[in-house]
Structures are given as structure tokens and as C-alpha cells.
$ cat model_28.cif   # mmCIF, C-alpha atoms
data_my_file
#
loop_
_atom_site.group_PDB
_atom_site.id
_atom_site.type_symbol
_atom_site.label_atom_id
_atom_site.label_comp_id
_atom_site.auth_asym_id
_atom_site.auth_seq_id
_atom_site.Cartn_x
_atom_site.Cartn_y
_atom_site.Cartn_z
ATOM 1 C CA MET B 1 5.521 -68.783 21.179
ATOM 2 C CA ALA B 2 6.522 -67.014 17.983
ATOM 3 C CA GLU B 3 10.190 -66.230 17.515
ATOM 4 C CA VAL B 4 10.851 -62.484 17.605
ATOM 5 C CA HIS B 5 13.731 -60.807 15.786
ATOM 6 C CA TYR B 6 14.768 -57.707 17.754
ATOM 7 C CA MET B 7 16.469 -55.059 15.670
ATOM 8 C CA SER B 8 16.940 -51.369 15.054
ATOM 9 C CA GLN B 9 14.896 -49.433 12.515
ATOM 10 C CA GLU B 10 18.047 -49.346 10.356
ATOM 11 C CA GLY B 11 18.255 -53.145 10.490
ATOM 12 C CA LEU B 12 14.616 -53.523 9.453
ATOM 13 C CA GLU B 13 15.104 -51.144 6.533
ATOM 14 C CA GLN B 14 18.130 -53.166 5.393
ATOM 15 C CA LEU B 15 16.061 -56.380 5.439
ATOM 16 C CA LYS B 16 13.304 -54.689 3.416
ATOM 17 C CA LYS B 17 15.898 -53.514 0.890
ATOM 18 C CA GLU B 18 17.312 -57.049 0.573
ATOM 19 C CA LEU B 19 13.787 -58.415 0.089
ATOM 20 C CA ALA B 20 13.041 -55.890 -2.664
ATOM 21 C CA GLN B 21 16.272 -56.836 -4.439
ATOM 22 C CA ALA B 22 15.446 -60.538 -4.161
ATOM 23 C CA LEU B 23 11.939 -59.969 -5.515
ATOM 24 C CA GLU B 24 13.452 -58.121 -8.485
ATOM 25 C CA GLN B 25 15.379 -61.307 -9.349
ATOM 26 C CA ARG B 26 12.210 -63.401 -9.844
ATOM 27 C CA PRO B 27 11.530 -62.256 -13.424
ATOM 28 C CA VAL B 28 15.217 -62.630 -14.328
ATOM 29 C CA ILE B 29 15.271 -66.256 -13.179
ATOM 30 C CA SER B 30 11.891 -66.978 -14.787
ATOM 31 C CA ALA B 31 13.270 -65.681 -18.088
ATOM 32 C CA ALA B 32 16.377 -67.883 -17.709
ATOM 33 C CA ILE B 33 14.154 -70.915 -17.093
ATOM 34 C CA ALA B 34 12.020 -70.108 -20.146
ATOM 35 C CA GLU B 35 15.116 -69.636 -22.316
ATOM 36 C CA ALA B 36 16.620 -72.923 -21.141
ATOM 37 C CA ARG B 37 13.304 -74.732 -21.669
ATOM 38 C CA GLU B 38 13.286 -73.607 -25.308
ATOM 39 C CA LYS B 39 16.562 -75.447 -25.880
ATOM 40 C CA GLY B 40 14.850 -78.813 -25.933
ATOM 41 C CA ASP B 41 15.216 -81.981 -23.865
ATOM 42 C CA LEU B 42 14.905 -80.913 -20.218
ATOM 43 C CA SER B 43 16.260 -84.207 -18.856
ATOM 44 C CA GLU B 44 19.743 -83.374 -20.169
ATOM 45 C CA ASN B 45 19.587 -79.588 -20.000
ATOM 46 C CA ALA B 46 22.124 -78.310 -17.447
ATOM 47 C CA GLU B 47 21.100 -74.676 -17.983
ATOM 48 C CA TYR B 48 17.509 -75.543 -17.128
ATOM 49 C CA GLU B 49 18.551 -77.433 -13.980
ATOM 50 C CA ALA B 50 20.816 -74.576 -12.875
ATOM 51 C CA ALA B 51 18.067 -72.003 -13.434
ATOM 52 C CA ARG B 52 15.548 -74.144 -11.498
ATOM 53 C CA GLU B 53 18.024 -74.537 -8.639
ATOM 54 C CA ALA B 54 18.659 -70.774 -8.599
ATOM 55 C CA GLN B 55 14.907 -70.217 -8.502
ATOM 56 C CA GLY B 56 14.554 -72.570 -5.530
ATOM 57 C CA LEU B 57 17.353 -70.846 -3.620
ATOM 58 C CA LEU B 58 15.877 -67.428 -4.382
ATOM 59 C CA GLU B 59 12.446 -68.498 -3.129
ATOM 60 C CA ILE B 60 13.986 -69.795 0.102
ATOM 61 C CA ARG B 61 15.813 -66.485 0.556
ATOM 62 C CA ILE B 62 12.621 -64.500 -0.101
ATOM 63 C CA SER B 63 10.704 -66.655 2.365
ATOM 64 C CA ASN B 64 13.387 -66.236 5.051
ATOM 65 C CA LEU B 65 13.491 -62.457 4.594
ATOM 66 C CA GLN B 66 9.692 -62.200 4.689
ATOM 67 C CA ASP B 67 9.664 -64.272 7.874
ATOM 68 C CA LYS B 68 12.298 -62.092 9.571
ATOM 69 C CA ILE B 69 10.442 -58.916 8.578
ATOM 70 C CA ALA B 70 7.122 -60.314 9.803
ATOM 71 C CA LYS B 71 8.665 -61.270 13.152
ATOM 72 C CA ALA B 72 10.694 -58.076 13.534
ATOM 73 C CA LYS B 73 10.323 -56.006 16.659
ATOM 74 C CA VAL B 74 11.978 -52.647 16.285
ATOM 75 C CA LEU B 75 13.574 -51.343 19.439
ATOM 76 C CA ASP B 76 13.599 -47.608 20.028
ATOM 77 C CA ALA B 77 17.027 -46.726 21.375
ATOM 78 C CA SER B 78 15.664 -43.538 22.974
ATOM 79 C CA GLN B 79 13.483 -45.692 25.253
ATOM 80 C CA LEU B 80 16.346 -47.830 26.516
ATOM 81 C CA SER B 81 18.112 -47.501 29.843
ATOM 82 C CA THR B 82 21.882 -47.470 30.169
ATOM 83 C CA ASP B 83 21.861 -49.062 33.635
ATOM 84 C CA LYS B 84 22.429 -52.543 32.221
ATOM 85 C CA VAL B 85 23.745 -53.967 28.943
ATOM 86 C CA GLN B 86 20.866 -54.780 26.592
ATOM 87 C CA MET B 87 19.990 -54.804 22.905
ATOM 88 C CA LEU B 88 21.134 -51.674 21.031
ATOM 89 C CA THR B 89 23.328 -50.419 23.862
ATOM 90 C CA LYS B 90 26.966 -49.584 23.281
ATOM 91 C CA VAL B 91 29.174 -51.187 25.851
ATOM 92 C CA LYS B 92 32.812 -50.302 26.439
ATOM 93 C CA VAL B 93 34.718 -53.136 28.082
ATOM 94 C CA GLU B 94 38.263 -53.934 29.076
ATOM 95 C CA ASN B 95 39.589 -57.403 28.354
ATOM 96 C CA ILE B 96 41.307 -57.868 31.697
ATOM 97 C CA ALA B 97 43.970 -60.351 30.560
ATOM 98 C CA ALA B 98 44.906 -58.452 27.389
ATOM 99 C CA LYS B 99 44.494 -54.991 28.978
ATOM 100 C CA GLN B 100 42.631 -54.051 25.807
ATOM 101 C CA VAL B 101 39.599 -51.736 25.668
ATOM 102 C CA MET B 102 36.891 -52.603 23.141
ATOM 103 C CA GLU B 103 33.510 -51.136 22.315
ATOM 104 C CA PHE B 104 30.539 -53.090 20.993
ATOM 105 C CA THR B 105 26.946 -52.339 20.116
ATOM 106 C CA ILE B 106 24.732 -55.296 20.960
ATOM 107 C CA VAL B 107 22.466 -56.029 17.971
ATOM 108 C CA GLY B 108 20.305 -58.790 16.524
ATOM 109 C CA GLU B 109 21.905 -61.451 14.356
ATOM 110 C CA THR B 110 20.784 -59.848 11.099
ATOM 111 C CA GLU B 111 22.635 -56.617 11.938
ATOM 112 C CA ALA B 112 25.848 -58.108 13.314
ATOM 113 C CA ASP B 113 29.098 -56.892 11.765
ATOM 114 C CA PHE B 114 32.126 -57.394 13.978
ATOM 115 C CA SER B 115 34.277 -55.145 11.786
ATOM 116 C CA LYS B 116 31.901 -52.268 12.645
ATOM 117 C CA GLY B 117 31.704 -53.156 16.320
ATOM 118 C CA LYS B 118 28.215 -54.639 16.020
ATOM 119 C CA LEU B 119 28.092 -57.786 18.110
ATOM 120 C CA ALA B 120 25.209 -60.259 17.734
ATOM 121 C CA VAL B 121 23.265 -60.813 20.933
ATOM 122 C CA THR B 122 23.669 -64.564 20.391
ATOM 123 C CA THR B 123 27.480 -64.503 20.639
ATOM 124 C CA PRO B 124 29.115 -65.790 23.831
ATOM 125 C CA ILE B 125 30.540 -62.346 24.689
ATOM 126 C CA ALA B 126 27.219 -60.536 24.217
ATOM 127 C CA LYS B 127 25.351 -63.216 26.178
ATOM 128 C CA ALA B 128 27.813 -62.795 29.041
ATOM 129 C CA LEU B 129 27.488 -58.998 29.047
ATOM 130 C CA MET B 130 23.681 -58.856 28.857
ATOM 131 C CA GLY B 131 22.022 -57.667 32.057
ATOM 132 C CA HIS B 132 25.239 -56.517 33.710
ATOM 133 C CA GLY B 133 26.066 -52.963 34.715
ATOM 134 C CA LYS B 134 28.964 -50.546 34.724
ATOM 135 C CA GLY B 135 31.903 -51.677 36.843
ATOM 136 C CA GLU B 136 30.908 -55.342 36.843
ATOM 137 C CA ILE B 137 33.322 -58.071 35.812
ATOM 138 C CA VAL B 138 31.857 -60.774 33.595
ATOM 139 C CA GLU B 139 33.239 -64.004 32.186
ATOM 140 C CA ALA B 140 32.520 -65.174 28.642
ATOM 141 C CA GLN B 141 33.091 -68.766 27.603
ATOM 142 C CA VAL B 142 34.508 -68.586 24.064
ATOM 143 C CA PRO B 143 35.997 -71.372 21.915
ATOM 144 C CA SER B 144 39.537 -70.442 22.988
ATOM 145 C CA GLY B 145 38.693 -70.452 26.717
ATOM 146 C CA VAL B 146 37.290 -67.997 29.238
ATOM 147 C CA LEU B 147 37.613 -64.244 28.764
ATOM 148 C CA LYS B 148 37.097 -61.775 31.608
ATOM 149 C CA PHE B 149 35.744 -58.320 30.870
ATOM 150 C CA LYS B 150 35.213 -55.284 33.045
ATOM 151 C CA ILE B 151 32.316 -53.122 31.885
ATOM 152 C CA ILE B 152 33.654 -49.563 31.672
ATOM 153 C CA ASP B 153 30.657 -47.748 30.202
ATOM 154 C CA ILE B 154 27.182 -48.310 28.760
ATOM 155 C CA SER B 155 25.563 -45.825 26.373
ATOM 156 C CA ILE B 156 23.040 -45.561 23.581
#
$ encode --input "model_28.cif" --output "C-alpha cells"
Amino acid sequence: MAEVHYMSQEGLEQLKKELAQALEQRPVISAAIAEAREKGDLSENAEYEAAREAQGLLEIRISNLQDKIAKAKVLDASQLSTDKVQMLTKVKVENIAAKQVMEFTIVGETEADFSKGKLAVTTPIAKALMGHGKGEIVEAQVPSGVLKFKIIDISI
């Protein structure tokens, strides 16, 4: 079964932008390789080796971005229910031990940004919250131990 990358339309657009920027770098690296090649003996040419390595890394990045875009499945937030925590829902939780309220939006890995409250679906906390509803208490196994959360609200 093909791996699917679930994301928002905004996340897909960001990947497409990154791909376009990476593709723009191809001619720049090709020119650097050509310039280094003109300097003579390639076996002892560090500039040539560095440019070739940069080209290889760029091609891997382009391939990875193309793969993610090809396997992207855009979720329409307007079609989602707020009965249970799922991709693209905002969930407000209380860390029971710390008596701290936090709010996360559950997103795909490519869109995750903890500083903006975007939590990757693959994280232990998001995995624990997925499929649970308002008022439920869930436990998340994190590296520092077990955290207990009470789901306060779920929204889009």
C-alpha cells in the first residue's frame, strides 16, 4: 500500500514552493560544477567535489519533495467532525499534573511546528489524543514518562 501524506492545502502549497526553490538551484549548482571542472585535475579539485556533493544532496531533496507532493492527500477542514480528535483539528487539553492548558492543531509531519502549536500526528501526544473526544482523559507515553491530559475542547 502506498504511503499517504495527509496535510492541509496550506501544507501542500508550502511543499510546492520548496520544490520550486530547489529546482531553481539546479542551474546554479551545474554552473558551479562547470566552473570547478575548468580548473583542471578533477581528482584533486575540492571545489568540484563539493559542487558534486551539493548536486547530489539537492537531487535527493527534490526527489523527496516530489514524492511527498505525489503522495499528498489534502484534507478539507470543513468536512471534518469535531466529535473526536483527528488530523487538522484543534484540541485544547489540560495537562493534569501541571494544571496547564495547551492547544494544539494536529497536522502531518511536514507541517509540524511546535512553536506555532502545530503538533505532528506521529508524536506520542498526538497519537494518544487521536480518536478521543471532549472530556476524555488520555495518557501519552513521552521520553520523560507518562503525561495525562484531559481533552477540554475540539474545534476546526
$ resolve_selection --input "model_28.cif" --expression "the PyMOL selection byres ((chain B and resi 71) around 6)" --output "list in words"
Val4, His5, Lys68, Ile69, Ala70 and Ala72 of chain B
$ closest_residue --input "model_28.cif" --among "B:Asn95, B:Ser8, B:Gln14, B:Thr105" --to "B:Val74" --atoms "all atoms listed in the file"
B:Ser8
$ residues_around --input "model_28.cif" --residues "B:Ala126" --least-positions-apart "4" --cutoff "9 Å" --atoms "all atoms listed in the file" --output "mmCIF file with C-alpha atoms, keeping the file's coordinate frame"
data_model
loop_
_atom_site.group_PDB
_atom_site.id
_atom_site.type_symbol
_atom_site.label_atom_id
_atom_site.label_comp_id
_atom_site.auth_asym_id
_atom_site.auth_seq_id
_atom_site.Cartn_x
_atom_site.Cartn_y
_atom_site.Cartn_z
ATOM 1 C CA VAL B 85 23.745 -53.967 28.943
ATOM 2 C CA GLN B 86 20.866 -54.780 26.592
ATOM 3 C CA PHE B 104 30.539 -53.090 20.993
ATOM 4 C CA ILE B 106 24.732 -55.296 20.960
ATOM 5 C CA LEU B 119 28.092 -57.786 18.110
ATOM 6 C CA ALA B 120 25.209 -60.259 17.734
ATOM 7 C CA VAL B 121 23.265 -60.813 20.933
ATOM 8 C CA THR B 122 23.669 -64.564 20.391
ATOM 9 C CA MET B 130 23.681 -58.856 28.857
ATOM 10 C CA ALA B 140 32.520 -65.174 28.642
#
$ resolve_selection --input "model_28.cif" --expression "the PyMOL selection byres ((chain B and resi 149) around 7)" --output "list in words"
Val93, Glu94, Asn95, Ile96, Ile137, Val138, Glu139, Leu147, Lys148, Lys150 and Ile151 of chain B
$ resolve_selection --input "model_28.cif" --expression "the PyMOL selection byres ((chain B and resi 89) around 8)" --output "list of chain:residue names"
B:Ala77, B:Leu80, B:Thr82, B:Val85, B:Gln86, B:Met87, B:Leu88, B:Lys90, B:Val91, B:Thr105, B:Ile106, B:Ile154, B:Ser155, B:Ile156
$ atom_distance --input "model_28.cif" --atom1 "atom CA of B:Glu35" --atom2 "atom CA of B:Glu47"
8.9 Å
$ closest_residue --input "model_28.cif" --among "B:Val107, B:Ala31, B:Val142, B:Ala112" --to "B:Pro124" --atoms "all atoms listed in the file"
B:Val142
